[in-house]
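Chemist: Shown below is the structure under consideration.
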Amino acid sequence: MSGILSPKDLSLISSAADDAKVNEERQEREKKAKQKKELQDAFMSQDIHPEVYERLNKAVSRAAELGQTQFQVMTFPASYCNDHGRKINNLDPNWPDSLEGFAKRAYDFYVRELKPLGYKMHCEIISFPGGVPGEVGMFLKWA
């Protein structure tokens with residue numbers, strides 16, 4: 001390198017570094033958005049596992065052994081509900097109407113298979129990041 005860098009050269013170096021940082025941050029945001037979309041798509045298309053009866057019996061038996069009368073079946077973002085968790089948060093009796101994707105299929109399974117046996121199900125908002133509904137917890141109860 002010959003000579004000393006001029007302030008104009010330093011400004012160009014700084015500008016290029018800023019541009020690279022902005023580009024990197026944009027790529028990271030796009031990557032996170034893509035991952036978030038892939039997770040949501042997977043949740044929306046997921047179906048009830050073929051071994052649901054075996055898994056469910058094991059889970060409720062284990063919970064009962066521990067003296068519990070309920071357990072959390074799943075957690076999912078409130079944004080996956082068609083009202084972003086509003087009905088669940090407000091304890092609206094029609095909260096099941098807000099479910100979509102796998103949560104809806106799980107609830108339908110509950111109504112068809114578990115409710116006739118005396119089980120109960122409820123959902124509640126279990127986190128409030130920034131004061132808005134974040135995560136929904138779905139709970140199966142038997143007492």
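Chain labels follow the order of the structure tokens: the first chain is A, the next B, and so on; residue numbering restarts at 1 in every chain, and ligands are counted from 1 in their shown order.
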Just want the 10 Å neighbourhood of A:Val132, counted on only C-alpha atoms, with same-chain residues fewer than 5 positions away dropped. Output as a list in words.
Modeler: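 Within the cut-off, the hits are Ala78, His84, Gly85, Arg86, Asn89, Ile125 and Ser127 of chain A.
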Chemist: How about saving the chosen residues, C-alpha atoms kept, as a CSV table (one decimal), in the first residue's frame?
Modeler:
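Dumped everything to selection-v4.csv:
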```csv
chain,number,residue,atom,x,y,z
A,78,ALA,CA,-51.3,-17.3,19.3
A,84,HIS,CA,-54.5,-14.3,17.1
A,85,GLY,CA,-55.6,-15.8,20.4
A,86,ARG,CA,-58.3,-13.2,21.2
A,89,ASN,CA,-57.4,-14.8,26.0
A,125,ILE,CA,-52.5,-17.8,26.7
A,127,SER,CA,-47.0,-15.9,27.5
```
Chemist: Residues of stretch 53-125 of chain A classed as strand (DSSP E) by DSSP on the backbone are to be reported as a ChimeraX atom specification.
Modeler: /A:70-77,120-125
Chemist: With C-alpha atoms retained, export the selected residues as a compact mmCIF listing (two decimals), in the first residue's frame.
Modeler:
```
# COMPACT_ATOMS: atom_id res chain seq x y z
CA GLN A 70 -54.05 -32.45 33.63
CA PHE A 71 -51.14 -32.02 31.29
CA GLN A 72 -50.16 -29.68 28.53
CA VAL A 73 -50.79 -31.33 25.19
CA MET A 74 -49.13 -28.69 23.00
CA THR A 75 -47.92 -25.14 22.72
CA PHE A 76 -48.21 -22.99 19.64
CA PRO A 77 -48.05 -19.29 18.75
CA LYS A 120 -61.96 -31.88 29.31
CA MET A 121 -59.78 -29.56 27.27
CA HIS A 122 -58.94 -25.92 27.60
CA CYS A 123 -56.55 -23.47 26.04
CA GLU A 124 -54.97 -20.44 27.63
CA ILE A 125 -52.46 -17.82 26.67
```
Chemist: Could you list, as a ChimeraX atom specification, every residue within 12 Å of A:Phe102, counting only C-alpha atoms and ignoring same-chain residues fewer than 5 positions away?
Modeler: /A:39-49,73-77,80-81,107-109,138
Chemist: Find the spatial neighbours of A:Val111, counting only C-alpha atoms, within a cut-off of 12 Å - ignore same-chain residues fewer than 6 positions away - and output them as JSON, numbers by chain.
Modeler: {"A": [96, 104, 105, 117, 118, 119, 120, 121, 122, 140]}
Chemist: How many Å separate atom CA of A:Leu10 from atom CA of A:Asn23?
Modeler: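 Between atom CA of A:Leu10 and atom CA of A:Asn23 the gap is 19.8 Å.
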Chemist: When you look at A:Gln68 with a cut-off of 12 Å (counting only C-alpha atoms), what residues show up, excluding the ones that are within fewer than 6 positions of it in the same chain? I need them as a list in words.
Modeler: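 Skipping anything fewer than 6 positions along the chain leaves Ala59, Val60, Ser61, Arg62, Phe139, Leu140, Lys141, Trp142 and Ala143 of chain A.
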Chemist: Restricting the output to C-alpha atoms, write the selected residues as a PDB file, in the first residue's frame.
Modeler:
```pdb
ATOM      1  CA  ALA A  59     -48.752 -39.482  28.950  1.00  0.00           C
ATOM      2  CA  VAL A  60     -51.936 -39.520  31.039  1.00  0.00           C
ATOM      3  CA  SER A  61     -50.745 -42.558  33.006  1.00  0.00           C
ATOM      4  CA  ARG A  62     -47.470 -40.819  33.809  1.00  0.00           C
ATOM      5  CA  PHE A 139     -54.334 -28.681  28.250  1.00  0.00           C
ATOM      6  CA  LEU A 140     -56.112 -32.017  28.662  1.00  0.00           C
ATOM      7  CA  LYS A 141     -57.837 -32.500  32.038  1.00  0.00           C
ATOM      8  CA  TRP A 142     -59.514 -35.497  33.636  1.00  0.00           C
ATOM      9  CA  ALA A 143     -60.658 -34.369  37.071  1.00  0.00           C
TER      10      ALA A 143
END
```
Chemist: To test your reading of the structure, identify every residue in chain A that backbone DSSP assigns to helix (DSSP H, G or I), and report it as a PyMOL selection string.
Modeler: chain A and resi 7-45+52-65+78-80+86-89+95-98+101-117+129-131
